[in-house]
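A.B. asks: Take this structure first; my questions come after.
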Amino acid sequence: MAKVPLIPVGRPLDAFLDPKQLERTLDGRRERDALLAERRSVVRAGWGEKYVERVHAKDKLTTRERIERLKDADSELFEVGTFVNHGRKFGKVESPAAGVITVYVKIHARWTMVIANDNTVASGAWWPRTPEKIQRAQVMALELEIPVIYLVDCSGLYLPEQAQSFPGQRGAGHIFKKNSELSAAGVPQIAGVFGDCIAGGGYMPIISDRVFMTEQAYMVIAGAALIKGAKSLSLSSLDIGGPEVHVSQSGCADERVPDDSAALDLIRREIQKLPGSAVEYYRFGAEPAPPHFPASQIAAMVPADHRLPFDADELLARLVDESLFWEVLADRGTEMVVGVGRINGLYMGFVANRQGLVDDPEKRGEKKPAAILYREGIAKVAAFSRSCNHDGIPIVWLQDISGFDIGVEAERLGLLGYGSSLIYTNSTNTTPMFTVLLRKAAGAGYYAMAGLPYDPVVQLSTPITRQAVMEGRTLAIATYNTKLDDDFEILTDDADERAEIEAGMQAVEARIEGDMDPYKAASQMDTDEIIAFGELRSWLELFAECAYQSIGNRRVKNPRIWSLHDISVLNAHRG
Amino acid sequence: MFHRLLIANRGEVAVRIARACRSLGIAPIGVISEADRGASWTEVMDEVVCVGPAAPSTSYLRMQRIVQAAHQTRASAVHPGWGFLAENQRFAALVRQHGFAFVGPSTRSMREMGQKSPAKRAMRAAGLDVVPGSDGPLADADAAVRVANEVGYPVLLKAESGGGGRGMRRVDREADVHAAFSAAAAEAASAFGDASVFLEKLIEHGRHIEVQVLCDHFGNGVHLGERECSVQRKHQKLLEESPSPALSRDVATDLGERALAAALAVGYASAGTIEFLLTPGGEFYFLEMNTRLQVEHPVSELVSGVDIAAEQIRIAANHRLSLTQADVRLSGHAIELRINAEDPAEDFRPTPGQIERFDFPSDVTGATLRIDTHVRSGDTIPPYYDSLVAKLLVHAADRAAAIEALERVLDATHIEGIATTIPLHRAVLADPGFRAGNYDTSRLPGWERA
């Protein structure tokens, strides 16, 4: 039948969590959430008060002030790439957020991607990874076909480190290719030019449909400093490429405005001229609703120790509207849960790993650990992913995965083949996919469940996410394989040798543990953003609204004709 | 129009909705608990599905079973009645998700109006006054002191997620605010899992006046005048009347128009009631909106001649309202007595059991008599549910005639086997204050001392 049979799911927290466990989980969480909040605020401060004052002294707004003015008053900002270059030194200085803010901003009820040079960090210069970060945001916008707004205020490449950001496939110039691709795909781009826009900064706005320049702004291929004779003629960069030139003569910009706030008002007005969001239409008559069991409770549910289980079904109950969910293929591959729920009234598909022990489909009556991909689960996820893609249902991947099953049985059952089918499906999907690495994202499981290498629109981590091929302990075993017995116990009787092996194995474990720090992953752009568990539902609301905002850019089947119903009816018990 | 409608309720409620269904040519389908199996009221249904054991949490509140029953019986709509799941937006969402029409407003309206602070905010934005106090939950005790000093004492601290008086504290002077705030927050936290507390000016000797509205999905709406429900015991209404003896017709008309405008402004589409507190000084403060049919809706039906329950079902089927405000002619005076199986002589102890005699007169001179009941002689009142056994209403040319008619009806009414609230009603009707229209919620007229 055509109805999407969501049913009430979930229980109150105290029905399945013992209060002591809950308290322990919350205890572990508070410290990490506090660290996340503190690190975010450090990034948001840019280079600090002195640079803020310097911007204000020029009668300009800081980039973050501009973003605040740009957004709808009652809307939240969703920043991605906050921790790019986190902990990385360039000489004596750091580059908070890689000197560019990339953030989802709601303007006149439409989500946009704002890419804004941070004028409190080296006057908005481009650092190593700044171009990659800008391109990542452009790709997110391209996949969702949401408008892009560039707030340009960029003194050019940070030249001492130019070798790291100029050449290469994702070198700075690739930004303009992405500008072009966005334009070619019909995605609106609007630029506000607020200050120095030299070289790359000068090129970035030009492909935009509308370019606004403040009277303090200039765009130049090269600044006055490099122009022969500029000094004797006392020509400034503003003379060479200011609004007088580009708005009135060259036509490289459209409108001149006296100050930042006027530019921002006009950008907002441009967005208002675009067709409105289709979100309400695609709710198919439903209304947005929060989960019946509060999403804030998720923080108390997921223990920081990735070996301790949590209830994935209860997690889903705290993510979907009214805690109503339709689990598809519920009695097959029970190590995975797949199904459909609404987020803010919009249908989304969910794939999550169950934790703890589940029924073994190959051996009746036996149990096996979940959080691992077995044959049936892989097949179920692949079929579900394909159906969602076909039906135009965006997919949310909730990873907490140790990897594929291994061993004689796994090879005999052909997990390589089933896994590759899933990989193929996810690689060729065109429905938007969003991935959340709840805790562990290990081995090929990370790939098979649409980890970043499989181009989800956004991949989120939590403060306890660990991405790795294998856990430190496993790598230590693999490294010292020849010295261990069948049960991975150290073979030797020599006390010295034993101590050496133990120390070596511990060192391997410690190094892997360090590398699994989510901030390190975020710094290297191996994940898009780190969020607290309590923020997950709001992010999913953002994803849903972005995925259903535009019309005509992707397939969205009405729920009557979902192929998901076919799978479901064929799996239903007869009689 | 729907062919088959499932009524997710029992007793008098279910019987009333079934009657509205019949008037629209809809087959009513009932759900029952095991305790109601074979009850005489189930005879009005075309079909009945048992959804679970006696305890409401295992039957009348089991939303998934009720939806299952609707599937089984091929219903096309579900009516929640009042009580049980009538204000549960999750149930409304589930019903609609499964393709049935839910007879009620949008889940958004239910959610907004179901929470105290959002409802007050929305209605203030829609032009109604609210009881002076904090704008939503208070940050801390100091904030409580600030607001209390601003609005003037006495004040009430109330739990944001509360009800039934828990987490509520009266404060008469500044020195007591801190202690009362801590106590109210602690009580709210333990009772409702939410420590948020808000503050309101305490209005003494207020009167409870509510306006019945009907709004369709096309932006049309009417109000059917006001009801006065100030005869209350522990916040439970016992007698309702329309029009209110406290209001001049000009004031009443103005109140009705303002309530309707507010309902339309918040996008409301169903039958609903906006409740006000009338202060001794003559101000109307918005209290809450009931997003459902109410027990006392027949009072307005009698003075307006409109079948509110039937209109509510028509609205749910996307029909336009069948009348405009100009068509609404309010005439005469109606009073309703709620006859509960409770013993007023024993502190209103419930008195379930077998009813040996249950006789009402069939008419009364000088007035129209309406009796809404689901009970017959020989029936047994189960102990698990609401104690209401009948609603006795008269409609007469004026208030004095209605009171007189009610007294004559009570003289000819014989309920035996269980104690009822009839002695209380006699006392209220005989009370000079009540007869003069001079009463408020602070005291049960004729029963409690001033």
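How things are named: the first chain in the structure tokens is A, the next is B, and so on; residues count from 1 in each chain; ligands count from 1 in the order shown.
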Name the residues in contact with Gln312 of chain B at a cut-off of 12 Å, using only C-alpha atoms, excluding same-chain residues fewer than 5 positions from it; report them as a VMD selection string.

C.D. replies: chain B and resid 17 20 to 21 24 79 to 81 101 to 105 212 to 217 221 269 to 272 291 to 294 297 306 to 307 317 to 322

A.B. asks: Keeping C-alpha atoms, export the residues of the selection given above as a CSV table (one decimal), in the first residue's frame.

C.D. replies:
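What landed in result.csv:
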```
chain,number,residue,atom,x,y,z
B,17,ILE,CA,-19.9,11.5,18.4
B,20,ALA,CA,-23.1,13.4,14.9
B,21,CYS,CA,-21.9,10.6,12.6
B,24,LEU,CA,-24.1,13.0,8.5
B,79,HIS,CA,-12.5,11.0,16.1
B,80,PRO,CA,-10.7,11.2,19.5
B,81,GLY,CA,-13.7,12.7,21.4
B,101,ALA,CA,-8.5,11.8,8.7
B,102,PHE,CA,-8.1,12.9,12.3
B,103,VAL,CA,-11.0,14.9,13.4
B,104,GLY,CA,-9.2,17.8,15.1
B,105,PRO,CA,-6.9,20.6,14.3
B,212,GLN,CA,-16.6,28.3,21.3
B,213,VAL,CA,-15.2,28.7,17.8
B,214,LEU,CA,-15.5,26.7,14.6
B,215,CYS,CA,-12.9,27.4,11.8
B,216,ASP,CA,-12.5,25.6,8.5
B,217,HIS,CA,-9.5,25.0,6.3
B,221,GLY,CA,-14.7,30.9,11.1
B,269,ALA,CA,-9.0,24.8,11.8
B,270,SER,CA,-11.4,22.7,13.8
B,271,ALA,CA,-13.8,23.1,16.7
B,272,GLY,CA,-12.0,24.8,19.6
B,291,THR,CA,-8.0,22.0,20.7
B,292,ARG,CA,-10.9,19.6,20.9
B,293,LEU,CA,-14.6,19.3,21.5
B,294,GLN,CA,-15.4,19.9,25.1
B,297,HIS,CA,-20.2,22.0,24.1
B,306,VAL,CA,-25.5,24.5,15.6
B,307,ASP,CA,-24.5,20.9,15.8
B,317,ALA,CA,-13.4,16.3,5.6
B,318,ASN,CA,-12.3,19.7,4.1
B,319,HIS,CA,-15.8,21.0,3.8
B,320,ARG,CA,-16.3,24.7,4.1
B,321,LEU,CA,-18.2,26.0,7.1
B,322,SER,CA,-21.9,25.7,6.4
```

A.B. asks: Using only C-alpha atoms, what does the table of chain B residues within 7 Å of chain A look like, with each row giving the shortest atom pair and its distance in Å to one decimal, sorted by chain and ascending number, as a Markdown table?

C.D. replies:
```
| residue | atom | partner | partner_atom | distance |
| --- | --- | --- | --- | --- |
| B:Arg90 | CA | A:Glu322 | CA | 5.6 |
| B:Leu94 | CA | A:Ile7 | CA | 6.9 |
| B:Gln97 | CA | A:Leu6 | CA | 6.9 |
| B:His98 | CA | A:Pro5 | CA | 6.0 |
| B:Gly99 | CA | A:Lys3 | CA | 6.5 |
| B:Thr107 | CA | A:Glu287 | CA | 6.9 |
| B:Arg108 | CA | A:Glu287 | CA | 6.7 |
```

A.B. asks: With distances taken over only C-alpha atoms, which residue among A:Pro275, A:Gly392, A:Gly417, A:Pro463 lies nearest Ala522 of chain A?

C.D. replies: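 For Ala522 of chain A, the nearest of the candidates is A:Pro463.
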
A.B. asks: I want to know what sits within 12 Å of Ala510 of chain A, based on only C-alpha atoms, with residues of the same chain fewer than 2 positions away left out; could you give that as a PyMOL selection string?

C.D. replies: chain A and resi 471-476+503-508+512-517

A.B. asks: Could those residues be written to a file, using N, CA and C atoms, as a compact mmCIF listing (two decimals), in the first residue's frame?

C.D. replies:
```txt
# COMPACT_ATOMS: atom_id res chain seq x y z
N GLU A 471 41.42 -0.74 14.89
CA GLU A 471 41.72 -0.23 16.21
C GLU A 471 43.20 -0.45 16.51
N GLY A 472 43.77 0.34 17.42
CA GLY A 472 45.18 0.23 17.79
C GLY A 472 45.55 -1.17 18.23
N ARG A 473 44.68 -1.77 19.01
CA ARG A 473 44.94 -3.11 19.52
C ARG A 473 45.07 -4.10 18.34
N THR A 474 44.18 -3.97 17.38
CA THR A 474 44.19 -4.88 16.23
C THR A 474 45.47 -4.71 15.42
N LEU A 475 45.87 -3.45 15.22
CA LEU A 475 47.09 -3.20 14.45
C LEU A 475 48.30 -3.75 15.20
N ALA A 476 48.30 -3.61 16.53
CA ALA A 476 49.40 -4.13 17.33
C ALA A 476 49.51 -5.65 17.14
N ALA A 503 55.91 -3.53 25.14
CA ALA A 503 56.12 -2.09 24.98
C ALA A 503 55.85 -1.68 23.53
N GLY A 504 56.31 -2.50 22.61
CA GLY A 504 56.10 -2.20 21.19
C GLY A 504 54.63 -2.17 20.85
N MET A 505 53.90 -3.18 21.35
CA MET A 505 52.46 -3.23 21.05
C MET A 505 51.74 -2.03 21.65
N GLN A 506 52.16 -1.67 22.86
CA GLN A 506 51.53 -0.51 23.50
C GLN A 506 51.79 0.77 22.72
N ALA A 507 53.01 0.87 22.18
CA ALA A 507 53.36 2.07 21.42
C ALA A 507 52.49 2.18 20.16
N VAL A 508 52.29 1.05 19.50
CA VAL A 508 51.44 1.04 18.30
C VAL A 508 50.02 1.49 18.67
N ILE A 512 48.02 4.94 17.31
CA ILE A 512 46.74 4.85 16.60
C ILE A 512 45.67 5.62 17.37
N GLU A 513 45.71 5.47 18.69
CA GLU A 513 44.75 6.17 19.54
C GLU A 513 44.84 7.68 19.29
N GLY A 514 46.07 8.19 19.24
CA GLY A 514 46.29 9.62 18.99
C GLY A 514 45.78 10.04 17.63
N ASP A 515 46.03 9.19 16.63
CA ASP A 515 45.60 9.52 15.28
C ASP A 515 44.08 9.49 15.14
N MET A 516 43.42 8.81 16.06
CA MET A 516 41.96 8.70 15.96
C MET A 516 41.24 9.88 16.60
N ASP A 517 41.99 10.87 17.08
CA ASP A 517 41.39 12.07 17.64
C ASP A 517 40.54 12.76 16.56
```

A.B. asks: For Glu280 of chain A, list every protein, DNA or RNA residue within 9 Å, evaluated using only C-alpha atoms, and leave out those in the same chain fewer than 2 positions away; present the list as a list in words.

C.D. replies: Ser277, Ala278, Tyr282, Arg283, Phe284, Gly285, Ala286, Glu287, Gly345, Leu346, Tyr548 and Gln549 of chain A

A.B. asks: Can you list every residue in segment 250-386 of chain B that DSSP puts in alpha helix (DSSP H), as a PyMOL selection string?

C.D. replies: chain B and resi 250-265+297-304+308-316

A.B. asks: Run DSSP on the backbone and grab whatever in segment 134-306 of chain B lands in strand (DSSP E or B); send it over as number ranges by chain.

C.D. replies: B: 155-159, 169-171, 197-201, 207-215, 221-233, 236-242, 271-278, 284-290

A.B. asks: Between atom CA of Pro518 of chain A and atom CA of Ala478 of chain A, what is the spacing in Å?

C.D. replies: 23.8 Å

A.B. asks: Quick check, in Å to one decimal: how far apart do atom CA of Gly156 of chain A and atom CA of Ala125 of chain A lie?

C.D. replies: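 Interatomic distance here is 5.1 Å.
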
A.B. asks: Can you tell me, as a PyMOL selection string, what residues are no more than 9 Å from Glu47 of chain B when counting only C-alpha atoms, ignoring any on the same chain fewer than 6 positions away?

C.D. replies: chain B and resi 27-31+73

A.B. asks: I want to know what sits within 10 Å of segment 71-84 of chain A, based on only C-alpha atoms, with residues of the same chain fewer than 5 positions away left out; could you give that as a PDB file with N, CA and C atoms, in the first residue's frame?

C.D. replies:
```pdb
ATOM      1  N   ARG A  39      36.907  24.941  22.173  1.00  0.00           N
ATOM      2  CA  ARG A  39      37.688  25.000  20.929  1.00  0.00           C
ATOM      3  C   ARG A  39      36.950  25.773  19.838  1.00  0.00           C
ATOM      4  N   ARG A  40      35.625  25.616  19.820  1.00  0.00           N
ATOM      5  CA  ARG A  40      34.851  26.404  18.861  1.00  0.00           C
ATOM      6  C   ARG A  40      35.027  27.885  19.144  1.00  0.00           C
ATOM      7  N   VAL A  43      38.263  29.213  17.874  1.00  0.00           N
ATOM      8  CA  VAL A  43      38.257  29.406  16.418  1.00  0.00           C
ATOM      9  C   VAL A  43      37.473  30.666  16.071  1.00  0.00           C
ATOM     10  N   ARG A  44      36.326  30.818  16.743  1.00  0.00           N
ATOM     11  CA  ARG A  44      35.457  31.952  16.405  1.00  0.00           C
ATOM     12  C   ARG A  44      36.065  33.293  16.758  1.00  0.00           C
ATOM     13  N   ARG A  66      29.087  40.036   9.876  1.00  0.00           N
ATOM     14  CA  ARG A  66      28.385  40.057   8.583  1.00  0.00           C
ATOM     15  C   ARG A  66      27.429  38.866   8.484  1.00  0.00           C
ATOM     16  N   SER A  95      46.033  29.405  11.869  1.00  0.00           N
ATOM     17  CA  SER A  95      45.007  29.936  10.970  1.00  0.00           C
ATOM     18  C   SER A  95      43.653  29.383  11.385  1.00  0.00           C
ATOM     19  N   PRO A  96      43.011  30.010  12.378  1.00  0.00           N
ATOM     20  CA  PRO A  96      41.714  29.499  12.851  1.00  0.00           C
ATOM     21  C   PRO A  96      40.737  29.326  11.677  1.00  0.00           C
ATOM     22  N   ALA A  97      40.144  28.143  11.620  1.00  0.00           N
ATOM     23  CA  ALA A  97      39.166  27.805  10.560  1.00  0.00           C
ATOM     24  C   ALA A  97      39.767  27.971   9.164  1.00  0.00           C
ATOM     25  N   ALA A  98      41.085  27.927   9.066  1.00  0.00           N
ATOM     26  CA  ALA A  98      41.790  28.130   7.788  1.00  0.00           C
ATOM     27  C   ALA A  98      41.422  29.477   7.167  1.00  0.00           C
ATOM     28  N   GLY A  99      41.039  30.419   8.026  1.00  0.00           N
ATOM     29  CA  GLY A  99      40.826  31.789   7.554  1.00  0.00           C
ATOM     30  C   GLY A  99      39.591  31.989   6.700  1.00  0.00           C
ATOM     31  N   VAL A 100      38.725  30.977   6.646  1.00  0.00           N
ATOM     32  CA  VAL A 100      37.493  31.156   5.872  1.00  0.00           C
ATOM     33  C   VAL A 100      36.358  30.454   6.610  1.00  0.00           C
ATOM     34  N   ILE A 101      35.216  31.134   6.664  1.00  0.00           N
ATOM     35  CA  ILE A 101      34.069  30.553   7.359  1.00  0.00           C
ATOM     36  C   ILE A 101      33.131  29.993   6.296  1.00  0.00           C
ATOM     37  N   THR A 102      32.829  28.727   6.410  1.00  0.00           N
ATOM     38  CA  THR A 102      31.856  28.123   5.491  1.00  0.00           C
ATOM     39  C   THR A 102      30.680  27.666   6.346  1.00  0.00           C
ATOM     40  N   VAL A 103      29.513  28.174   6.039  1.00  0.00           N
ATOM     41  CA  VAL A 103      28.413  28.015   6.985  1.00  0.00           C
ATOM     42  C   VAL A 103      27.066  28.016   6.248  1.00  0.00           C
ATOM     43  N   TYR A 104      26.189  27.116   6.684  1.00  0.00           N
ATOM     44  CA  TYR A 104      24.811  27.110   6.182  1.00  0.00           C
ATOM     45  C   TYR A 104      24.049  28.240   6.881  1.00  0.00           C
ATOM     46  N   VAL A 105      23.473  29.126   6.092  1.00  0.00           N
ATOM     47  CA  VAL A 105      22.784  30.291   6.643  1.00  0.00           C
ATOM     48  C   VAL A 105      21.384  30.357   6.027  1.00  0.00           C
ATOM     49  N   LYS A 106      20.398  30.567   6.862  1.00  0.00           N
ATOM     50  CA  LYS A 106      19.022  30.668   6.355  1.00  0.00           C
ATOM     51  C   LYS A 106      18.692  32.132   6.085  1.00  0.00           C
ATOM     52  N   ILE A 107      18.312  32.421   4.855  1.00  0.00           N
ATOM     53  CA  ILE A 107      17.972  33.790   4.450  1.00  0.00           C
ATOM     54  C   ILE A 107      16.599  33.755   3.789  1.00  0.00           C
ATOM     55  N   HIS A 108      15.689  34.544   4.327  1.00  0.00           N
ATOM     56  CA  HIS A 108      14.313  34.541   3.823  1.00  0.00           C
ATOM     57  C   HIS A 108      13.808  33.101   3.646  1.00  0.00           C
ATOM     58  N   ALA A 109      14.009  32.307   4.688  1.00  0.00           N
ATOM     59  CA  ALA A 109      13.503  30.924   4.752  1.00  0.00           C
ATOM     60  C   ALA A 109      14.120  29.999   3.710  1.00  0.00           C
ATOM     61  N   ARG A 110      15.250  30.395   3.105  1.00  0.00           N
ATOM     62  CA  ARG A 110      15.954  29.504   2.178  1.00  0.00           C
ATOM     63  C   ARG A 110      17.354  29.264   2.716  1.00  0.00           C
ATOM     64  N   TRP A 111      17.779  28.022   2.688  1.00  0.00           N
ATOM     65  CA  TRP A 111      19.145  27.734   3.122  1.00  0.00           C
ATOM     66  C   TRP A 111      20.126  28.130   2.024  1.00  0.00           C
ATOM     67  N   THR A 112      21.214  28.748   2.447  1.00  0.00           N
ATOM     68  CA  THR A 112      22.285  29.100   1.516  1.00  0.00           C
ATOM     69  C   THR A 112      23.606  28.613   2.097  1.00  0.00           C
ATOM     70  N   MET A 113      24.613  28.513   1.240  1.00  0.00           N
ATOM     71  CA  MET A 113      25.961  28.243   1.728  1.00  0.00           C
ATOM     72  C   MET A 113      26.733  29.553   1.648  1.00  0.00           C
ATOM     73  N   VAL A 114      27.197  30.004   2.791  1.00  0.00           N
ATOM     74  CA  VAL A 114      27.963  31.248   2.810  1.00  0.00           C
ATOM     75  C   VAL A 114      29.445  30.903   2.957  1.00  0.00           C
ATOM     76  N   PRO A 128      47.231  27.246   3.455  1.00  0.00           N
ATOM     77  CA  PRO A 128      47.125  25.857   3.004  1.00  0.00           C
ATOM     78  C   PRO A 128      45.798  25.288   3.517  1.00  0.00           C
ATOM     79  N   ARG A 129      45.096  24.578   2.682  1.00  0.00           N
ATOM     80  CA  ARG A 129      43.763  23.981   2.930  1.00  0.00           C
ATOM     81  C   ARG A 129      42.610  24.968   2.844  1.00  0.00           C
ATOM     82  N   THR A 130      42.884  26.279   2.779  1.00  0.00           N
ATOM     83  CA  THR A 130      41.761  27.207   2.592  1.00  0.00           C
ATOM     84  C   THR A 130      41.064  26.924   1.255  1.00  0.00           C
ATOM     85  N   GLU A 132      40.878  24.152  -0.418  1.00  0.00           N
ATOM     86  CA  GLU A 132      40.142  22.890  -0.310  1.00  0.00           C
ATOM     87  C   GLU A 132      38.867  23.083   0.500  1.00  0.00           C
ATOM     88  N   LYS A 133      38.953  23.880   1.552  1.00  0.00           N
ATOM     89  CA  LYS A 133      37.776  24.097   2.391  1.00  0.00           C
ATOM     90  C   LYS A 133      36.693  24.848   1.611  1.00  0.00           C
ATOM     91  N   ILE A 134      37.125  25.839   0.844  1.00  0.00           N
ATOM     92  CA  ILE A 134      36.158  26.584   0.024  1.00  0.00           C
ATOM     93  C   ILE A 134      35.514  25.641  -0.996  1.00  0.00           C
ATOM     94  N   ARG A 136      35.167  22.430  -0.810  1.00  0.00           N
ATOM     95  CA  ARG A 136      34.281  21.477  -0.130  1.00  0.00           C
ATOM     96  C   ARG A 136      32.890  22.106   0.058  1.00  0.00           C
ATOM     97  N   ALA A 137      32.875  23.352   0.486  1.00  0.00           N
ATOM     98  CA  ALA A 137      31.597  24.049   0.685  1.00  0.00           C
ATOM     99  C   ALA A 137      30.880  24.236  -0.658  1.00  0.00           C
ATOM    100  N   LEU A 264      24.955  43.780   2.649  1.00  0.00           N
ATOM    101  CA  LEU A 264      24.284  42.594   3.201  1.00  0.00           C
ATOM    102  C   LEU A 264      22.775  42.667   2.959  1.00  0.00           C
ATOM    103  N   ARG A 268      20.593  39.917   0.842  1.00  0.00           N
ATOM    104  CA  ARG A 268      19.360  39.294   1.354  1.00  0.00           C
ATOM    105  C   ARG A 268      18.216  39.498   0.362  1.00  0.00           C
ATOM    106  N   VAL A 458      27.539  15.799   3.520  1.00  0.00           N
ATOM    107  CA  VAL A 458      28.256  16.209   4.723  1.00  0.00           C
ATOM    108  C   VAL A 458      28.561  14.959   5.536  1.00  0.00           C
ATOM    109  N   GLN A 459      29.739  14.925   6.138  1.00  0.00           N
ATOM    110  CA  GLN A 459      30.038  13.875   7.103  1.00  0.00           C
ATOM    111  C   GLN A 459      30.337  14.529   8.447  1.00  0.00           C
ATOM    112  N   LEU A 460      29.565  14.139   9.459  1.00  0.00           N
ATOM    113  CA  LEU A 460      29.745  14.707  10.797  1.00  0.00           C
ATOM    114  C   LEU A 460      30.455  13.720  11.706  1.00  0.00           C
ATOM    115  N   PRO A 518      39.262  12.991  16.842  1.00  0.00           N
ATOM    116  CA  PRO A 518      38.417  13.592  15.803  1.00  0.00           C
ATOM    117  C   PRO A 518      38.883  14.989  15.383  1.00  0.00           C
ATOM    118  N   TYR A 519      39.546  15.702  16.296  1.00  0.00           N
ATOM    119  CA  TYR A 519      40.015  17.048  15.943  1.00  0.00           C
ATOM    120  C   TYR A 519      41.125  16.970  14.907  1.00  0.00           C
ATOM    121  N   LYS A 520      41.927  15.901  15.017  1.00  0.00           N
ATOM    122  CA  LYS A 520      42.969  15.714  14.012  1.00  0.00           C
ATOM    123  C   LYS A 520      42.322  15.431  12.657  1.00  0.00           C
ATOM    124  N   ALA A 521      41.302  14.556  12.680  1.00  0.00           N
ATOM    125  CA  ALA A 521      40.583  14.260  11.431  1.00  0.00           C
ATOM    126  C   ALA A 521      39.977  15.530  10.846  1.00  0.00           C
ATOM    127  N   ALA A 522      39.370  16.341  11.709  1.00  0.00           N
ATOM    128  CA  ALA A 522      38.733  17.574  11.237  1.00  0.00           C
ATOM    129  C   ALA A 522      39.778  18.550  10.709  1.00  0.00           C
ATOM    130  N   SER A 523      40.937  18.570  11.350  1.00  0.00           N
ATOM    131  CA  SER A 523      42.009  19.469  10.918  1.00  0.00           C
ATOM    132  C   SER A 523      42.469  19.115   9.508  1.00  0.00           C
ATOM    133  N   GLN A 524      42.524  17.809   9.219  1.00  0.00           N
ATOM    134  CA  GLN A 524      42.976  17.354   7.897  1.00  0.00           C
ATOM    135  C   GLN A 524      41.838  17.255   6.895  1.00  0.00           C
ATOM    136  N   MET A 525      40.665  17.696   7.273  1.00  0.00           N
ATOM    137  CA  MET A 525      39.468  17.604   6.420  1.00  0.00           C
ATOM    138  C   MET A 525      39.081  16.159   6.130  1.00  0.00           C
ATOM    139  N   ASP A 526      39.346  15.269   7.082  1.00  0.00           N
ATOM    140  CA  ASP A 526      38.859  13.901   6.951  1.00  0.00           C
ATOM    141  C   ASP A 526      37.453  13.772   7.518  1.00  0.00           C
ATOM    142  N   THR A 527      36.961  14.856   8.082  1.00  0.00           N
ATOM    143  CA  THR A 527      35.556  14.925   8.468  1.00  0.00           C
ATOM    144  C   THR A 527      35.153  16.384   8.364  1.00  0.00           C
ATOM    145  N   ASP A 528      33.859  16.639   8.137  1.00  0.00           N
ATOM    146  CA  ASP A 528      33.453  18.010   7.841  1.00  0.00           C
ATOM    147  C   ASP A 528      33.230  18.863   9.079  1.00  0.00           C
ATOM    148  N   GLU A 529      32.755  18.224  10.154  1.00  0.00           N
ATOM    149  CA  GLU A 529      32.484  19.010  11.346  1.00  0.00           C
ATOM    150  C   GLU A 529      32.359  18.078  12.535  1.00  0.00           C
ATOM    151  N   ILE A 530      32.676  18.612  13.706  1.00  0.00           N
ATOM    152  CA  ILE A 530      32.473  17.865  14.949  1.00  0.00           C
ATOM    153  C   ILE A 530      31.293  18.503  15.664  1.00  0.00           C
ATOM    154  N   ILE A 531      30.320  17.675  16.022  1.00  0.00           N
ATOM    155  CA  ILE A 531      29.143  18.219  16.719  1.00  0.00           C
ATOM    156  C   ILE A 531      28.905  17.428  18.001  1.00  0.00           C
ATOM    157  N   SER A 538      19.172  18.824  15.228  1.00  0.00           N
ATOM    158  CA  SER A 538      19.135  20.098  14.482  1.00  0.00           C
ATOM    159  C   SER A 538      19.906  19.986  13.178  1.00  0.00           C
ATOM    160  N   TRP A 539      21.012  19.257  13.191  1.00  0.00           N
ATOM    161  CA  TRP A 539      21.761  19.075  11.944  1.00  0.00           C
ATOM    162  C   TRP A 539      20.941  18.285  10.932  1.00  0.00           C
ATOM    163  N   LEU A 542      18.549  20.498   9.319  1.00  0.00           N
ATOM    164  CA  LEU A 542      19.224  21.269   8.265  1.00  0.00           C
ATOM    165  C   LEU A 542      19.348  20.430   6.990  1.00  0.00           C
TER     166      LEU A 542
END
```

A.B. asks: Check the smallest atom-to-atom distance from each of B:Thr420, B:Thr253, B:Gln354, B:Thr365 to Gly378 of chain B using only C-alpha atoms, then report the winner.

C.D. replies: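 Ranked by minimum distance to Gly378 of chain B, first place goes to B:Gln354.
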
A.B. asks: So, counting only C-alpha atoms, which residue among B:Val131, B:Leu337, B:Ala86, B:Ile415 is closest to Phe358 of chain B?

C.D. replies: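 Once distances to Phe358 of chain B are computed over only C-alpha atoms, the minimum belongs to B:Ile415.
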
A.B. asks: Between A:Pro559, A:Gly48, A:Gly192, A:Pro294, which has the minimum distance to Glu255 of chain A (counting only C-alpha atoms)?

C.D. replies: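 That would be A:Gly192, the residue with the smallest distance to Glu255 of chain A.
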